[in-house]
Amino acid sequence: MRLPLPQFATGDRHPNHIAEVIETTSTEFLAQCLEPEDLSFPSMPPFGSWVCSVDEESGNKIYAVVYYATTMPIDSVHRARALGLSLQDLREEQPQIFAMLRTEFRAAIVGFELSSQNKSYNQRVYQYLPPRPPQIHQAVYRCEPEAIIKFTEELDFLRTLLCINGAPIESLTAAAIRDVYQLRKADRQWLIKAGRSLSVLLKDDYDRLRFILSQIHP
């Protein structure tokens, strides 16, 4: 039987609270999506989307970009198998299926914002690794558009994305830029600035630069 994560009732949960940290390192964290109350899959954050959590010890707000997501059985021994049913049929005939699956995602840490309790707090965000990542069982939230816009005023986070191991980094970088570009309501000046930053970072690798730019659609 599935042992659910400890969590608040959906009505008490912030609408952007989508997951909980279950593994953490200095550079990234693994989070498990919270279960919906209806018979549906947990909301999987899109590739290249922005999430945030908190280092409880310092109060720093940690920003990260999703680069991998998966839905799999809770039981690691038995794989899911094709049943030939639609999702609606599954809900009616095999509702237990939804209780036997979990959705997880990995997010690369790209920066942080100091806690408001910090004496040097100046509303700034920093685009380098924080002193500590979020702890296990910390809540993970979808970032508010305003927070993403503020964070991406500077573009040093692009260097971090280009150095992630084990990810399709060209596609990830393009996805993150597309997401921000849309949130900024097609701000062409910001997009040009991002393109120039990439051209500097990849000045010795034209093929990678061209591949990233080809996936960005103004």
# chains A, B, ... in the order shown; residues from 1 in each chain; ligands from 1
$ residues_around --residues "range 106-110 of chain A" --least-positions-apart "5" --cutoff "9 Å" --atoms "only C-alpha atoms" --output "NGL selection string"
:A and (26-31 or 48 or 50-52 or 62-69 or 126-130 or 133 or 156-158 or 160-161 or 164)
$ residues_around --residues "Tyr141 in chain A" --least-positions-apart "6" --cutoff "8 Å" --atoms "only C-alpha atoms" --output "PyMOL selection string"
chain A and resi 16-19+51-53
$ closest_residue --among "A:Val125, A:Ala176, A:Arg184, A:Thr25" --to "Ile149 in chain A" --atoms "only C-alpha atoms"
A:Arg184
$ atom_distance --atom1 "CA of Ser40 in chain A" --atom2 "CA of Phe98 in chain A"
6.7 Å
$ closest_residue --among "A:Leu183, A:Cys163, A:Ile136, A:Leu172" --to "Ile148 in chain A" --atoms "only C-alpha atoms"
A:Leu183
$ residues_around --residues "range 41-45 of chain A" --least-positions-apart "2" --cutoff "8 Å" --atoms "only C-alpha atoms" --output "PyMOL selection string"
chain A and resi 18+33-36+39+47+49+66+69+98+102-105
$ residues_around --residues "Leu209 in chain A" --least-positions-apart "6" --cutoff "7 Å" --atoms "only C-alpha atoms" --output "VMD selection string"
chain A and resid 198 to 199 202
$ atom_distance --atom1 "CA of Arg142 in chain A" --atom2 "CA of Lys61 in chain A"
12.5 Å
$ decode --residues "range 47-86 of chain A" --atoms "C-alpha atoms" --output "tab-separated table (two decimals), in the first residue's frame"
chain	number	residue	atom	x	y	z
A	47	PHE	CA	11.37	21.24	-18.52
A	48	GLY	CA	13.26	24.50	-18.07
A	49	SER	CA	10.75	25.97	-15.63
A	50	TRP	CA	11.71	27.82	-12.45
A	51	VAL	CA	11.13	26.58	-8.90
A	52	CYS	CA	12.23	27.76	-5.48
A	53	SER	CA	12.71	26.45	-1.97
A	54	VAL	CA	14.27	27.67	1.28
A	55	ASP	CA	17.33	26.86	3.32
A	56	GLU	CA	15.61	26.84	6.71
A	57	GLU	CA	18.88	27.35	8.61
A	58	SER	CA	19.71	30.67	6.95
A	59	GLY	CA	16.29	31.60	5.56
A	60	ASN	CA	17.77	32.07	2.09
A	61	LYS	CA	15.40	31.58	-0.83
A	62	ILE	CA	16.92	29.13	-3.32
A	63	TYR	CA	16.19	29.41	-7.06
A	64	ALA	CA	16.51	26.43	-9.39
A	65	VAL	CA	15.66	25.33	-12.93
A	66	VAL	CA	13.98	21.97	-13.62
A	67	TYR	CA	16.06	19.79	-15.94
A	68	TYR	CA	14.65	16.27	-15.48
A	69	ALA	CA	11.27	14.82	-14.49
A	70	THR	CA	9.87	11.32	-14.31
A	71	THR	CA	6.75	9.40	-13.29
A	72	MET	CA	7.36	5.84	-12.12
A	73	PRO	CA	5.89	3.15	-9.88
A	74	ILE	CA	6.40	3.46	-6.14
A	75	ASP	CA	7.54	-0.17	-6.24
A	76	SER	CA	11.00	-0.10	-7.85
A	77	VAL	CA	10.88	-3.87	-8.53
A	78	HIS	CA	7.81	-4.01	-10.77
A	79	ARG	CA	7.57	-1.81	-13.84
A	80	ALA	CA	4.32	-0.32	-15.09
A	81	ARG	CA	2.81	-2.23	-18.01
A	82	ALA	CA	0.54	-1.23	-20.86
A	83	LEU	CA	-3.14	-1.91	-20.12
A	84	GLY	CA	-4.74	-0.61	-23.30
A	85	LEU	CA	-7.09	1.70	-21.42
A	86	SER	CA	-7.65	5.44	-21.61
